[in-house]
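Input: a single structure, listed below in structure tokens.
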Amino acid sequence: MSERFTGVFTQQEPIPEAGIEAAMAVLRHGRLHRYNTVGGEIAEAARLEEEFAAFTGAKYCLAVSSGGYAIATALRAAGVRPGDPVLTNAFTLAPVPGAIASLGAVSVFVGVSEALTIDLDDLAAKAGQARVLLLSHMRGHICDMERLMAICDAAGVRVIEDCAHTMGASWNGVPSGRHGLAAAYSTQTYKHMNSGEGGLLVTDDEDLAARAVILSGSYMLYDRHRAAPGPEAFERVKYVTPNISGRMDNLRAAILRPQLRDLAAQVERWNERYRVLEAGLRGTPGLTVIERPEAEHFVGSSFQFLLLDWPETRVAEVVARCAARGVELKWFGEAEPKGFTSRYDSWRYVEAPRMPESDRVLAGILDLRVPLTFSLDDCALIARIIAAEVGAVYQSA
């Protein structure tokens, strides 16, 4: 009889008890707004910013309402204006080109490699078309960051990193988000720390940091931030930077601070599960496992593989057969977006020329979440089911 998986791919672990206790303390005193403090009190949001700055090694950090807001704020604070072209990945999620569009700027898509990272040859060819690259480390895959920065530095392109899937990851020992001008992280439920919604922005640039704090809606209370530049930076920008409110509240910050303390251990747990899936799928006929570079310390909170050059009907058959056995695969090659599987040709508010080499890769990408509620045995079972169904369809071709 065929094995079947009965777990839930969207079920996260509970909030840690320390986070629940901290949240209850905020609820009891009622000061949820980040600037609502009493005599000498340091707000939870300010403490989170200080701690996350230390975690990443950044000088400055701002806690905001979502990862998408963090991206848009970083772009705006970096000087992106309506009509400006912004380089970004063809393989990413909708909030990335959405953040660009929210400023009235224009996405210029850069291709995807078979490693599921930005195509650095395509980036080199297009680097002269924009002054900013919004780099998405999509599904946690990190490219050769030394080469990327060399390309961008040579072309005068400033890099803003979307680290929604790489919080806790690094490249050659440098934390993800610390190569470029600024970085944005997400604390949405399916990311590496869970506050339902939320985001964090880090930078070493004091002018960008000051503009970001004002943009987030500080009402000139910037002195209550503990991971922000000094007052002189705010004096330069406070009257010319609009308030586009998007603050994080103290309740979410309270929930996140204990999770940040546990993040390194959580990363190791995700990677244990990832390696079980990887081992179980390697060698499956017709299936390409994405090999991770030695320089990349990744966070395996999701898993991708390729059915490269398969007919669409065969890929759809694999997805359906796995679903019948309880394994939810998301396919980025479908003509119509489903959930988060949209891609560059889904966003019709952007005029984008066809990208045949990237289309070939996108057509074969299959993706699954790896929540920490799955055991190692669960992951081994999932791998067996996928391998069996891919093998059955491949052999019937």
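Starting from 1 in every chain, residues are counted up; chains themselves are A, B, ... following the order of the structure tokens, and ligands are numbered from 1 as listed.
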Strand (DSSP E or B) positions in region 56-91 of chain A, given as number ranges by chain
A: 60-64, 85-89
Based on the selection just made, write C-alpha atoms of those residues as a compact mmCIF listing (two decimals), in the first residue's frame.
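What follows is the written file out22.txt:
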```
# COMPACT_ATOMS: atom_id res chain seq x y z
CA TYR A 60 21.30 50.78 12.38
CA CYS A 61 18.01 48.88 12.42
CA LEU A 62 14.36 49.87 12.05
CA ALA A 63 11.39 47.64 12.95
CA VAL A 64 8.39 48.10 10.63
CA PRO A 85 14.47 51.78 -13.38
CA VAL A 86 15.33 49.24 -10.66
CA LEU A 87 17.06 45.96 -11.43
CA THR A 88 15.52 42.94 -9.72
CA ASN A 89 15.16 39.17 -10.01
```
Test item: residues at most 12 Å from Gly140 (chain A), only C-alpha atoms, excluding those fewer than 2 positions along its chain, as a PyMOL selection string:
chain A and resi 91-92+115-118+135-138+142-143+161-171+176-177+185+191-192+267+270-271+274+290+292+296-304+367+369
Selection: 9 Å around Glu13 (chain A), only C-alpha atoms, excl. self and same-chain fewer than 5 positions, as a PDB file with C-alpha atoms, in the first residue's frame:
```pdb
ATOM      1  CA  PRO A 371       7.996  23.854   8.775  1.00  0.00           C
ATOM      2  CA  LEU A 372       9.715  22.867  12.006  1.00  0.00           C
ATOM      3  CA  THR A 373       6.577  20.974  12.985  1.00  0.00           C
TER       4      THR A 373
END
```
Within 12 Å of Arg236 (chain A), counting only C-alpha atoms, which residues show up once you throw out same-chain ones fewer than 2 positions away? Write them as JSON, numbers by chain, please.
{"A": [206, 207, 208, 209, 210, 211, 214, 229, 230, 231, 232, 233, 234, 238, 239, 240, 241]}
Would you kindly return, as a PyMOL selection string, each protein, DNA or RNA residue with an atom no farther than 8 Å from any atom of Val393 (chain A), considering only C-alpha atoms and excluding same-chain residues fewer than 2 positions away?
chain A and resi 314+317-318+389-391+395-397
So that I can check the surroundings of Asp262 (chain A), please list as a PyMOL selection string every protein, DNA and RNA residue that reaches within 12 Å of it, counting only C-alpha atoms and ignoring chain neighbours fewer than 6 positions away.
chain A and resi 15-16+18-19+55+168+192-193+256+268-269
Counting only C-alpha atoms, the option among A:Phe332, A:Ala387, A:Arg325, A:Glu357 closest to Ser2 (chain A):
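Smallest distance to Ser2 (chain A) is found for A:Arg325.
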Interatomic distance between CA of Ala254 (chain A) and CA of His33 (chain A)?
12.0 Å
Alpha helix (DSSP H) per DSSP on the backbone: members of region 29-268 of chain A, as number ranges by chain:
A: 29, 44-56, 67-77, 95-102, 120-126, 145-155, 206-216, 231-237, 250-268
Closest of A:Thr203, A:Ser216, A:Gln129, A:Ser346 to Ala58 (chain A) - atom-to-atom distances counting only C-alpha atoms:
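Under the stated criterion, the closest residue is A:Thr203.
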Counting only C-alpha atoms, the residue among A:Ile71, A:Val350, A:Val174, A:Leu200 that lies closest to Ala90 (chain A) is A:Val350
Measure the distance from CA of Ala125 (chain A) to CA of Val157 (chain A) in Å and round it to one decimal.
12.7 Å
Between CA of Pro337 (chain A) and CA of Gly286 (chain A), what is the spacing in Å?
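Answer for the CA of Gly286 (chain A) to CA of Pro337 (chain A) separation: 24.4 Å.
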From the set A:Arg257, A:Arg354, A:His29, A:Arg275, which residue has the shortest atom-to-atom contact distance to Val108 (chain A), counting only C-alpha atoms?
A:Arg354
Residue with smallest distance to His141 (chain A) - pool A:Pro293, A:Gly79, A:Pro258, A:Gly173, counting only C-alpha atoms:
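Ranked by minimum distance to His141 (chain A), first place goes to A:Pro293.
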Here is a test: counting only C-alpha atoms, which residue of A:Val26, A:Ala279, A:Ala45, A:Cys322 is nearest to Arg247 (chain A)?
A:Ala45
